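Asker: Just work33.cif, nothing more (mmCIF, C-alpha atoms):
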data_run
#
loop_
_atom_site.label_atom_id
_atom_site.label_comp_id
_atom_site.auth_asym_id
_atom_site.auth_seq_id
_atom_site.Cartn_x
_atom_site.Cartn_y
_atom_site.Cartn_z
CA MET A 1 32.96 -39.62 -23.36
CA CYS A 2 33.20 -35.89 -22.62
CA GLU A 3 30.02 -35.20 -24.61
CA ARG A 4 28.15 -37.86 -22.61
CA MET A 5 29.41 -36.37 -19.33
CA LYS A 6 28.30 -32.89 -20.40
CA LYS A 7 24.84 -34.20 -21.26
CA ASN A 8 24.59 -35.99 -17.91
CA VAL A 9 25.69 -32.88 -16.01
CA PHE A 10 23.22 -30.72 -17.91
CA SER A 11 20.45 -33.25 -17.38
CA PHE A 12 21.20 -33.43 -13.65
CA ALA A 13 21.29 -29.63 -13.33
CA PHE A 14 18.01 -29.28 -15.24
CA ARG A 15 16.27 -31.92 -13.10
CA SER A 16 17.57 -30.23 -9.93
CA PHE A 17 16.26 -26.87 -11.11
CA ILE A 18 12.82 -28.33 -11.89
CA ARG A 19 12.75 -30.12 -8.52
CA ASN A 20 13.73 -26.99 -6.58
CA PHE A 21 11.28 -24.89 -8.56
CA ALA A 22 8.48 -27.37 -7.83
CA ASP A 23 9.35 -27.35 -4.10
CA ALA A 24 9.36 -23.55 -4.05
CA MET A 25 6.00 -23.43 -5.80
CA LYS A 26 4.56 -25.86 -3.25
CA LYS A 27 5.75 -23.65 -0.38
CA HIS A 28 5.11 -20.24 -1.89
CA GLY A 29 2.93 -21.05 -4.89
CA LYS A 30 -0.14 -19.17 -3.65
CA ASP A 31 1.84 -16.04 -2.76
CA THR A 32 3.65 -16.15 -6.10
CA LEU A 33 0.39 -16.49 -8.00
CA ASN A 34 -1.10 -13.56 -6.07
CA VAL A 35 1.87 -11.36 -6.98
CA LEU A 36 1.78 -12.45 -10.62
CA ALA A 37 -1.98 -11.85 -10.78
CA SER A 38 -1.60 -8.30 -9.44
CA LEU A 39 1.19 -7.56 -11.93
CA VAL A 40 -0.80 -9.00 -14.83
CA LEU A 41 -3.93 -7.06 -13.86
CA GLY A 42 -2.09 -3.73 -13.54
CA GLY A 43 -0.04 -4.37 -16.67
CA ALA A 44 -3.09 -5.33 -18.72
CA ILE A 45 -4.95 -2.14 -17.77
CA LEU A 46 -1.90 0.03 -18.55
CA PHE A 47 -1.35 -1.78 -21.86
CA TRP A 48 -4.98 -1.20 -22.86
CA MET A 49 -4.84 2.49 -21.87
CA TYR A 50 -1.53 3.28 -23.58
CA ARG A 51 -1.80 1.16 -26.71
CA GLY A 52 -0.74 3.34 -29.64
CA PHE A 53 0.41 6.08 -27.26
CA ASP A 54 3.30 8.30 -28.35
CA PHE A 55 5.81 7.75 -25.55
CA GLY A 56 8.39 9.77 -27.49
CA ARG A 57 6.61 12.99 -26.48
CA VAL A 58 6.84 12.18 -22.77
CA ARG A 59 10.44 13.41 -22.69
CA GLU A 60 9.41 16.68 -24.35
CA VAL A 61 6.59 17.16 -21.87
CA LEU A 62 8.89 16.44 -18.93
CA LEU A 63 11.59 18.85 -20.09
CA HIS A 64 9.65 21.69 -21.69
CA GLU A 65 5.88 21.55 -21.12
CA MET A 66 5.43 20.94 -17.40
CA SER A 67 6.33 23.02 -14.35
CA TRP A 68 8.76 21.18 -12.11
CA THR A 69 8.45 23.93 -9.52
CA TRP A 70 4.97 22.77 -8.56
CA MET A 71 6.03 19.13 -8.67
CA LEU A 72 8.89 19.82 -6.26
CA LEU A 73 6.57 21.83 -4.01
CA SER A 74 4.33 18.77 -3.75
CA PHE A 75 7.15 16.52 -2.48
CA PRO A 76 7.25 17.76 1.14
CA PHE A 77 3.57 16.90 1.54
CA GLY A 78 4.20 13.36 0.26
CA VAL A 79 6.95 12.96 2.85
CA LEU A 80 4.91 14.56 5.65
CA ALA A 81 1.94 12.26 5.01
CA GLN A 82 4.08 9.23 5.80
CA MET A 83 5.75 10.94 8.76
CA PHE A 84 2.38 11.84 10.28
CA ARG A 85 1.40 8.19 9.91
CA GLY A 86 4.48 7.18 11.87
CA TRP A 87 3.74 9.76 14.57
CA ARG A 88 0.10 8.66 14.80
CA TRP A 89 1.13 5.03 15.26
CA ARG A 90 2.46 5.86 18.71
CA GLN A 91 -1.06 6.80 19.83
CA THR A 92 -2.38 3.25 19.27
CA LEU A 93 0.74 1.42 20.47
CA GLU A 94 1.07 3.15 23.85
CA PRO A 95 -2.26 1.87 25.31
CA LEU A 96 -0.92 -1.66 24.73
CA GLY A 97 2.24 -0.95 26.73
CA GLU A 98 4.40 -1.01 23.59
CA GLN A 99 7.12 1.62 23.32
CA SER A 100 9.02 2.45 20.16
CA ARG A 101 11.31 5.17 18.90
CA THR A 102 9.89 7.83 16.59
CA SER A 103 12.68 7.40 14.05
CA VAL A 104 12.07 3.65 13.83
CA ARG A 105 8.34 4.12 13.33
CA VAL A 106 8.81 6.72 10.58
CA HIS A 107 11.49 4.69 8.81
CA SER A 108 9.30 1.59 8.99
CA ILE A 109 6.49 3.54 7.27
CA PHE A 110 8.86 4.69 4.52
CA LEU A 111 10.03 1.12 4.03
CA SER A 112 6.50 -0.30 4.06
CA TYR A 113 5.33 1.87 1.18
CA ALA A 114 8.42 1.02 -0.87
CA THR A 115 8.08 -2.74 -0.36
CA SER A 116 4.38 -2.58 -1.28
CA LEU A 117 5.51 -1.53 -4.75
CA LEU A 118 6.93 -5.04 -5.15
CA ILE A 119 4.20 -7.05 -3.41
CA PRO A 120 0.86 -5.30 -2.79
CA ARG A 121 -0.12 -5.02 0.91
CA ILE A 122 3.14 -6.62 2.14
CA GLY A 123 4.22 -3.28 3.58
CA GLU A 124 1.82 -3.57 6.53
CA PHE A 125 3.67 -6.68 7.68
CA VAL A 126 7.07 -5.16 6.94
CA ARG A 127 6.57 -2.14 9.19
CA CYS A 128 5.33 -4.35 12.04
CA GLY A 129 8.37 -6.58 11.54
CA VAL A 130 10.73 -3.59 11.69
CA LEU A 131 9.25 -2.46 15.01
CA HIS A 132 9.47 -6.00 16.39
CA GLN A 133 13.10 -6.33 15.33
CA LYS A 134 14.30 -2.87 16.36
CA ASP A 135 12.25 -2.07 19.48
CA ASP A 136 10.90 -5.50 20.49
CA VAL A 137 7.29 -4.45 19.86
CA SER A 138 4.81 -7.33 19.77
CA PHE A 139 4.20 -8.17 16.12
CA PRO A 140 0.54 -9.29 16.56
CA LYS A 141 -0.32 -6.18 18.59
CA ALA A 142 1.37 -3.91 16.05
CA LEU A 143 -0.53 -5.64 13.25
CA GLY A 144 -3.79 -5.15 15.14
CA THR A 145 -3.15 -1.41 15.41
CA VAL A 146 -2.49 -1.31 11.65
CA VAL A 147 -5.89 -2.94 11.05
CA THR A 148 -7.50 -0.28 13.25
CA GLU A 149 -5.70 2.56 11.45
CA ARG A 150 -6.75 1.23 8.05
CA ALA A 151 -10.36 0.97 9.20
CA ILE A 152 -10.29 4.60 10.42
CA ASP A 153 -8.71 5.75 7.15
CA SER A 154 -11.28 3.85 5.10
CA LEU A 155 -14.17 5.41 7.03
CA LEU A 156 -12.67 8.87 6.54
CA VAL A 157 -12.27 8.31 2.79
CA LEU A 158 -15.87 7.08 2.51
CA LEU A 159 -17.09 10.11 4.47
CA ILE A 160 -15.13 12.52 2.24
CA ALA A 161 -16.34 10.63 -0.84
CA GLY A 162 -19.97 11.02 0.25
CA LEU A 163 -19.57 14.72 1.01
CA THR A 164 -17.75 15.29 -2.28
CA PHE A 165 -20.51 13.60 -4.26
CA VAL A 166 -23.21 15.66 -2.52
CA THR A 167 -21.38 18.96 -2.86
CA GLN A 168 -20.34 18.30 -6.47
CA PHE A 169 -23.72 17.02 -7.67
CA ARG A 170 -24.80 20.49 -8.80
CA VAL A 171 -21.41 21.05 -10.41
CA PHE A 172 -21.92 17.91 -12.48
CA MET A 173 -25.38 19.05 -13.53
CA THR A 174 -24.05 22.52 -14.44
CA PHE A 175 -21.25 20.95 -16.43
CA PHE A 176 -23.72 18.81 -18.39
CA LYS A 177 -25.99 21.82 -19.04
CA GLU A 178 -23.27 24.25 -20.14
CA THR A 179 -21.53 21.79 -22.41
CA GLY A 180 -24.72 20.31 -23.77
CA THR A 181 -23.63 16.92 -22.55
CA SER A 182 -26.08 14.39 -21.24
CA MET A 183 -25.44 11.38 -19.07
CA ASP A 184 -26.25 9.17 -22.05
CA ALA A 185 -23.45 10.85 -23.99
CA ILE A 186 -21.02 10.26 -21.12
CA LEU A 187 -21.98 6.61 -20.95
CA HIS A 188 -21.70 6.38 -24.72
CA ARG A 189 -18.12 7.70 -24.56
CA PHE A 190 -17.39 5.02 -21.98
CA THR A 191 -16.35 2.29 -24.42
CA THR A 192 -16.91 -1.45 -24.11
CA ALA A 193 -13.27 -1.89 -23.11
CA GLY A 194 -13.79 0.73 -20.40
CA TRP A 195 -16.69 -1.21 -18.95
CA VAL A 196 -14.65 -4.42 -19.09
CA VAL A 197 -11.79 -2.81 -17.12
CA THR A 198 -14.24 -1.45 -14.54
CA ILE A 199 -15.87 -4.86 -14.09
CA ILE A 200 -12.46 -6.56 -13.79
CA CYS A 201 -11.41 -4.08 -11.07
CA LEU A 202 -14.65 -4.66 -9.16
CA LEU A 203 -14.20 -8.42 -9.44
CA ALA A 204 -10.60 -8.12 -8.18
CA ILE A 205 -11.82 -6.18 -5.12
CA GLY A 206 -14.52 -8.79 -4.51
CA ILE A 207 -12.05 -11.68 -4.80
CA LEU A 208 -9.66 -9.93 -2.40
CA GLY A 209 -12.46 -9.43 0.13
CA TRP A 210 -13.60 -13.05 -0.24
CA PHE A 211 -10.03 -14.28 0.20
CA LEU A 212 -9.52 -12.27 3.40
CA ILE A 213 -12.87 -13.36 4.86
CA THR A 214 -12.39 -17.04 4.09
CA ARG A 215 -8.81 -17.00 5.32
CA TYR A 216 -9.80 -15.35 8.59
CA GLY A 217 -12.71 -17.75 8.93
CA LYS A 218 -10.48 -20.76 8.40
CA SER A 219 -7.98 -19.44 10.94
CA SER A 220 -10.74 -18.95 13.49
CA ALA A 221 -12.15 -22.41 12.80
CA VAL A 222 -8.75 -24.01 13.17
CA GLN A 223 -8.19 -22.09 16.40
CA ASP A 224 -11.57 -23.23 17.83
CA ALA A 225 -11.00 -26.83 16.77
CA ARG A 226 -7.59 -26.90 18.39
CA GLY A 227 -9.00 -25.35 21.53
CA GLU A 228 -11.71 -28.03 21.79
CA ALA A 229 -9.21 -30.79 21.11
CA GLN A 230 -6.95 -29.47 23.85
CA ASP A 231 -9.83 -29.40 26.37
CA THR A 232 -11.27 -32.87 25.57
CA THR A 233 -8.14 -34.87 24.74
CA SER A 234 -5.69 -35.26 27.59
CA ASP A 235 -3.08 -37.15 25.57
CA SER A 236 -2.68 -34.56 22.80
CA LYS A 237 0.84 -34.05 21.57
CA SER A 238 2.90 -31.25 23.08
CA HIS A 239 3.78 -29.65 19.74
CA THR A 240 0.09 -29.39 18.82
CA SER A 241 -0.57 -27.58 22.09
CA HIS A 242 2.36 -25.30 21.41
CA ILE A 243 1.03 -24.40 17.95
CA TYR A 244 -2.41 -23.73 19.40
CA ASN A 245 -0.96 -21.46 22.08
CA LYS A 246 1.02 -19.56 19.45
CA VAL A 247 -2.07 -19.09 17.29
CA ARG A 248 -4.16 -18.02 20.28
CA GLU A 249 -1.45 -15.61 21.43
CA SER A 250 -1.20 -14.08 17.95
CA MET A 251 -4.97 -13.72 17.56
CA THR A 252 -5.23 -12.19 21.03
CA GLY A 253 -2.47 -9.71 20.23
CA ILE A 254 -4.14 -8.70 16.98
CA TRP A 255 -7.49 -8.22 18.74
CA GLN A 256 -5.83 -6.10 21.43
CA GLY A 257 -4.33 -3.96 18.70
CA VAL A 258 -7.70 -3.59 16.98
CA ILE A 259 -9.45 -2.37 20.15
CA SER A 260 -6.52 -0.16 21.19
CA LEU A 261 -8.30 2.87 19.73
CA ARG A 262 -10.72 3.08 22.64
CA ASN A 263 -7.78 3.43 25.03
CA VAL A 264 -5.96 6.18 23.12
CA LYS A 265 -5.03 8.83 25.69
CA ASN A 266 -5.06 11.85 23.40
CA ILE A 267 -8.02 11.50 21.02
CA PRO A 268 -7.76 15.09 19.67
CA LEU A 269 -4.11 14.46 18.73
CA PHE A 270 -5.06 11.20 17.03
CA ILE A 271 -7.77 13.02 15.03
CA PHE A 272 -5.31 15.79 14.15
CA TYR A 273 -2.77 13.28 12.85
CA THR A 274 -5.46 11.50 10.81
CA LEU A 275 -6.67 14.72 9.20
CA ALA A 276 -3.07 15.84 8.65
CA ILE A 277 -2.25 12.56 6.87
CA TRP A 278 -5.05 12.92 4.36
CA SER A 279 -4.61 16.66 3.96
CA CYS A 280 -0.98 16.05 3.02
CA TYR A 281 -1.96 13.26 0.63
CA PHE A 282 -4.43 15.61 -1.04
CA LEU A 283 -1.96 18.51 -1.32
CA HIS A 284 0.70 16.12 -2.61
CA TYR A 285 -1.72 15.29 -5.42
CA TYR A 286 -3.46 18.67 -5.90
CA LEU A 287 -0.28 20.69 -6.44
CA THR A 288 0.56 18.50 -9.44
CA PHE A 289 -2.46 20.01 -11.22
CA PHE A 290 -0.47 23.22 -11.65
CA CYS A 291 2.33 21.35 -13.42
CA PHE A 292 0.27 21.07 -16.61
CA ASP A 293 -1.69 23.65 -18.59
CA ALA A 294 -4.52 21.17 -19.20
CA THR A 295 -5.23 20.73 -15.47
CA ALA A 296 -4.05 24.03 -13.94
CA GLY A 297 -7.46 25.67 -14.24
CA LEU A 298 -9.66 22.78 -13.13
CA GLY A 299 -9.95 23.95 -9.54
CA LEU A 300 -10.21 22.39 -6.11
CA SER A 301 -13.46 20.54 -6.74
CA CYS A 302 -12.07 18.54 -9.67
CA ALA A 303 -8.95 17.78 -7.66
CA MET A 304 -11.05 16.47 -4.76
CA VAL A 305 -13.25 14.31 -7.00
CA THR A 306 -10.30 12.74 -8.83
CA PHE A 307 -8.37 12.32 -5.57
CA ILE A 308 -11.24 10.39 -3.96
CA VAL A 309 -11.83 8.27 -7.05
CA GLY A 310 -8.12 7.49 -7.22
CA SER A 311 -7.98 6.64 -3.50
CA ILE A 312 -10.81 4.16 -3.96
CA ALA A 313 -9.23 2.72 -7.12
CA VAL A 314 -6.01 1.75 -5.30
CA ILE A 315 -8.04 -0.80 -3.31
CA VAL A 316 -7.55 -3.03 -6.34
CA PRO A 317 -4.45 -5.08 -5.43
CA THR A 318 -1.83 -3.86 -7.91
CA PRO A 319 1.60 -2.34 -7.11
CA ASN A 320 0.90 1.22 -5.91
CA GLY A 321 -2.48 1.09 -7.64
CA ALA A 322 -0.81 1.08 -11.07
CA GLY A 323 -3.47 0.58 -13.71
CA PRO A 324 -6.70 1.07 -11.73
CA TRP A 325 -5.51 4.49 -10.47
CA HIS A 326 -4.53 5.60 -13.97
CA PHE A 327 -7.83 4.45 -15.40
CA ALA A 328 -10.03 6.02 -12.69
CA VAL A 329 -8.29 9.42 -12.61
CA LYS A 330 -8.02 9.65 -16.39
CA THR A 331 -11.73 8.89 -16.78
CA MET A 332 -12.72 11.62 -14.30
CA LEU A 333 -10.39 14.17 -15.91
CA ILE A 334 -12.04 13.52 -19.26
CA LEU A 335 -15.39 14.09 -17.57
CA TYR A 336 -14.14 17.54 -16.55
CA GLY A 337 -13.21 18.36 -20.14
CA VAL A 338 -9.53 17.36 -20.31
CA GLN A 339 -8.48 15.89 -23.63
CA ASP A 340 -7.74 12.18 -23.68
CA THR A 341 -4.04 12.62 -24.54
CA ASP A 342 -3.49 15.29 -21.89
CA ALA A 343 -5.18 13.10 -19.26
CA LEU A 344 -2.90 10.19 -20.21
CA TYR A 345 0.20 12.38 -19.84
CA PHE A 346 -1.01 13.63 -16.46
CA VAL A 347 -1.68 10.22 -14.87
CA LEU A 348 1.47 8.67 -16.33
CA ILE A 349 3.86 11.42 -15.19
CA VAL A 350 2.27 12.16 -11.81
CA HIS A 351 2.04 8.49 -10.80
CA SER A 352 5.58 7.73 -12.01
CA VAL A 353 7.19 10.70 -10.23
CA GLN A 354 5.33 10.07 -6.98
CA THR A 355 6.28 6.39 -7.16
CA LEU A 356 9.94 7.38 -7.54
CA LEU A 357 9.56 9.49 -4.40
CA VAL A 358 8.25 6.44 -2.53
CA VAL A 359 11.22 4.42 -3.76
CA ALA A 360 13.67 7.14 -2.68
CA LEU A 361 12.14 7.27 0.81
CA GLY A 362 12.30 3.49 1.04
CA VAL A 363 15.98 3.43 0.10
CA TYR A 364 16.69 6.20 2.60
CA ALA A 365 14.84 4.30 5.35
CA TRP A 366 16.73 1.08 4.60
CA ILE A 367 20.09 2.88 4.77
CA ALA A 368 19.10 4.72 7.97
CA LEU A 369 17.97 1.52 9.68
CA TYR A 370 21.14 -0.27 8.57
CA LEU A 371 23.39 2.49 9.92
CA GLN A 372 21.38 2.60 13.13
CA ARG A 373 21.85 -1.14 13.63
CA LYS A 374 25.57 -0.80 12.93
CA LYS A 375 25.86 2.05 15.46
CA GLU A 376 23.98 0.03 18.09
CA ARG A 377 26.37 -2.88 17.62
CA VAL A 378 29.38 -0.60 18.09
CA VAL A 379 27.87 0.93 21.23
CA SER A 380 27.10 -2.55 22.57
CA LYS A 381 30.70 -3.68 22.02
CA VAL A 382 32.06 -0.54 23.70
CA ARG A 383 29.83 -1.10 26.73
CA ARG A 384 30.89 -4.74 27.00
CA TYR A 385 34.53 -3.67 26.74
CA GLU A 386 34.11 -1.00 29.44
CA GLY A 387 32.34 -3.51 31.67
CA THR A 388 35.27 -5.92 31.26
CA GLU A 389 37.75 -3.19 32.26
CA VAL A 390 35.73 -2.32 35.37
CA ARG A 391 35.71 -5.94 36.51
CA GLU A 392 39.45 -6.17 36.00
#
Show how you would write the structure in this file as structure tokens.
Answerer:
Amino acid sequence: MCERMKKNVFSFAFRSFIRNFADAMKKHGKDTLNVLASLVLGGAILFWMYRGFDFGRVREVLLHEMSWTWMLLSFPFGVLAQMFRGWRWRQTLEPLGEQSRTSVRVHSIFLSYATSLLIPRIGEFVRCGVLHQKDDVSFPKALGTVVTERAIDSLLVLLIAGLTFVTQFRVFMTFFKETGTSMDAILHRFTTAGWVVTIICLLAIGILGWFLITRYGKSSAVQDARGEAQDTTSDSKSHTSHIYNKVRESMTGIWQGVISLRNVKNIPLFIFYTLAIWSCYFLHYYLTFFCFDATAGLGLSCAMVTFIVGSIAVIVPTPNGAGPWHFAVKTMLILYGVQDTDALYFVLIVHSVQTLLVVALGVYAWIALYLQRKKERVVSKVRRYEGTEVRE
């Protein structure tokens, strides 16, 4: 009798788990698949790159063969890059009549980068949500300003990439001539697996772009259809009208955020912040060259080329660009004469340490926001108590 009851309980629990899992997959199946796909893609590239790699030597390199002084000197620039982004955000929010505290904006940026390590691109929504929760900033408008900022950053990266290619073209030719290396030899060293990884990354970028375009198109079509239905059908249900109004309000807020750039009061300050952001990103990366003997003498030009290539590689939707960034930077370092093993150590250690910095900033931001909320609650209770005493 007891054995039968145990089997029935186990069977009921198992069926409940399967049912709940199926319901969760129906609600969040697409998001879950997107996250799993990004993890699989990044993991597959890293597995291919580091197959047969001697991870036992990483500890020796960390403790005895690299300069932590230069790594520590790079940290302030990694922090400043995110702080400048938080300070710049004010410039696009103010024309929309949205006010927010500097500390909240900066902490939201810290938190957004940390959460994007778990789910790629989710950080943009997280930082808008933090501002909405803490300072009552319109979420759609905040999201629109984020879209504008990303567009400006992308244009700047493309501009720098173009200038870098033009200015480094002769350097590439000189490198080929002095080393007796031809382009055919470079392409020959680029193995079949390397081409496969490159094609997969390009396909992932294309699929992401297609997904965003089709999703936006469907949203617009739904919005137009609901608008027409509301105008032509007088007996439409009230909840349908409410949904349409919410969608229209959100889309309007996003559009206002997108066009907020033309109303920025201090354009020179906005440009300064933008240049400061990317200068700090570059210095955060460039100073790590001096941590290793293999990269210390490569110079500014190599750092700029690998920085741009890495910045473009992180477009591939993986957590913090893991995989595509390693592959792109490692490939360019080899082009500049760095040995394959040394390039693998460089990308592994630099990316890991800088990712840990992002995690640390995210944890700090979460604690700071939590303590701030706790303090605000205490102040609110004190004010209510004082108000009660005055009335008495």
Asker: State, in Å with one decimal place, the distance from atom CA of Thr306 of chain A to atom CA of Ile152 of chain A.
Answerer: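 For atom CA of Thr306 of chain A relative to atom CA of Ile152 of chain A, the distance reads 20.9 Å.
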Asker: Just so the selection is clear, what residues does the PyMOL selection byres ((chain A and resi 106) around 12) cover here, as JSON, numbers by chain?
Answerer: {"A": [79, 80, 81, 82, 83, 84, 85, 86, 87, 88, 89, 90, 100, 101, 102, 103, 104, 105, 107, 108, 109, 110, 111, 112, 113, 127, 128, 130, 131, 361, 362, 364, 365, 366, 368, 369]}
Asker: Go ahead and write the residues just picked, C-alpha atoms, as a PDB file, in the frame of the given file.
Answerer:
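This went into part.pdb:
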ATOM      1  CA  VAL A  79       6.950  12.960   2.850  1.00  0.00           C
ATOM      2  CA  LEU A  80       4.910  14.560   5.650  1.00  0.00           C
ATOM      3  CA  ALA A  81       1.940  12.260   5.010  1.00  0.00           C
ATOM      4  CA  GLN A  82       4.080   9.230   5.800  1.00  0.00           C
ATOM      5  CA  MET A  83       5.750  10.940   8.760  1.00  0.00           C
ATOM      6  CA  PHE A  84       2.380  11.840  10.280  1.00  0.00           C
ATOM      7  CA  ARG A  85       1.400   8.190   9.910  1.00  0.00           C
ATOM      8  CA  GLY A  86       4.480   7.180  11.870  1.00  0.00           C
ATOM      9  CA  TRP A  87       3.740   9.760  14.570  1.00  0.00           C
ATOM     10  CA  ARG A  88       0.100   8.660  14.800  1.00  0.00           C
ATOM     11  CA  TRP A  89       1.130   5.030  15.260  1.00  0.00           C
ATOM     12  CA  ARG A  90       2.460   5.860  18.710  1.00  0.00           C
ATOM     13  CA  SER A 100       9.020   2.450  20.160  1.00  0.00           C
ATOM     14  CA  ARG A 101      11.310   5.170  18.900  1.00  0.00           C
ATOM     15  CA  THR A 102       9.890   7.830  16.590  1.00  0.00           C
ATOM     16  CA  SER A 103      12.680   7.400  14.050  1.00  0.00           C
ATOM     17  CA  VAL A 104      12.070   3.650  13.830  1.00  0.00           C
ATOM     18  CA  ARG A 105       8.340   4.120  13.330  1.00  0.00           C
ATOM     19  CA  HIS A 107      11.490   4.690   8.810  1.00  0.00           C
ATOM     20  CA  SER A 108       9.300   1.590   8.990  1.00  0.00           C
ATOM     21  CA  ILE A 109       6.490   3.540   7.270  1.00  0.00           C
ATOM     22  CA  PHE A 110       8.860   4.690   4.520  1.00  0.00           C
ATOM     23  CA  LEU A 111      10.030   1.120   4.030  1.00  0.00           C
ATOM     24  CA  SER A 112       6.500  -0.300   4.060  1.00  0.00           C
ATOM     25  CA  TYR A 113       5.330   1.870   1.180  1.00  0.00           C
ATOM     26  CA  ARG A 127       6.570  -2.140   9.190  1.00  0.00           C
ATOM     27  CA  CYS A 128       5.330  -4.350  12.040  1.00  0.00           C
ATOM     28  CA  VAL A 130      10.730  -3.590  11.690  1.00  0.00           C
ATOM     29  CA  LEU A 131       9.250  -2.460  15.010  1.00  0.00           C
ATOM     30  CA  LEU A 361      12.140   7.270   0.810  1.00  0.00           C
ATOM     31  CA  GLY A 362      12.300   3.490   1.040  1.00  0.00           C
ATOM     32  CA  TYR A 364      16.690   6.200   2.600  1.00  0.00           C
ATOM     33  CA  ALA A 365      14.840   4.300   5.350  1.00  0.00           C
ATOM     34  CA  TRP A 366      16.730   1.080   4.600  1.00  0.00           C
ATOM     35  CA  ALA A 368      19.100   4.720   7.970  1.00  0.00           C
ATOM     36  CA  LEU A 369      17.970   1.520   9.680  1.00  0.00           C
TER      37      LEU A 369
END
Asker: Nearest residue to Phe327 of chain A out of A:Leu117, A:Lys381, A:Leu46, A:Leu36, using all atoms listed in the file?
Answerer: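 Looking at the shortest contact to Phe327 of chain A, the residue is A:Leu46.
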Asker: Would you compute an axis-aligned box for segment 266-270 of chain A, covering every atom listed for it in the file with 3 Å of margin on each side, and report centre and edge lengths in Å to one decimal as JSON?
Answerer:
{"center_x": -6.1, "center_y": 13.1, "center_z": 20.2, "size_x": 9.9, "size_y": 9.9, "size_z": 12.4}
Asker: Can you tell me how far atom CA of Asn320 of chain A sits from atom CA of Arg121 of chain A, in Å to one decimal?
Answerer: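 Taking atom CA of Asn320 of chain A and atom CA of Arg121 of chain A, their separation equals 9.3 Å.
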Asker: Quick one: apply the PyMOL selection byres ((chain A and resi 343) around 9) to the file and drop the selected residues here as a VMD selection string.
Answerer: chain A and resid 294 to 295 329 to 331 333 to 334 338 to 342 344 to 348
Asker: Kindly indicate which residue among A:Val157, A:Leu93, A:Leu298, A:Ala142 lies nearest to Val264 of chain A, using all atoms listed in the file for the distances.
Answerer: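 Closest to Val264 of chain A of all the choices is A:Leu93.
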Asker: Using only C-alpha atoms, find the one residue out of A:Gly337, A:Gly144, A:Gly78, A:Pro324 that sits nearest to Ile277 of chain A.
Answerer: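 The closest residue to Ile277 of chain A is A:Gly78.
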Asker: What's the separation between atom CA of Val309 of chain A and atom CA of Met332 of chain A, in Å to one decimal place?
Answerer: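 Answer for the atom CA of Val309 of chain A to atom CA of Met332 of chain A separation: 8.0 Å.
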Asker: Please provide the set of residues having any atom within 10 Å of Pro76 of chain A, restricted to all atoms listed in the file, with same-chain residues fewer than 6 positions apart removed, written as number ranges by chain.
Answerer: A: 280, 283-284
Asker: Go ahead and write the residues just picked, C-alpha atoms, as a tab-separated table (two decimals), in the coordinates of the input.
Answerer:
chain	number	residue	atom	x	y	z
A	280	CYS	CA	-0.98	16.05	3.02
A	283	LEU	CA	-1.96	18.51	-1.32
A	284	HIS	CA	0.70	16.12	-2.61
Asker: From the options A:His351, A:Arg373, A:Arg262, A:His132, which residue's atoms come nearest to Gly321 of chain A, counting only C-alpha atoms?
Answerer: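 Once distances to Gly321 of chain A are computed over only C-alpha atoms, the minimum belongs to A:His351.
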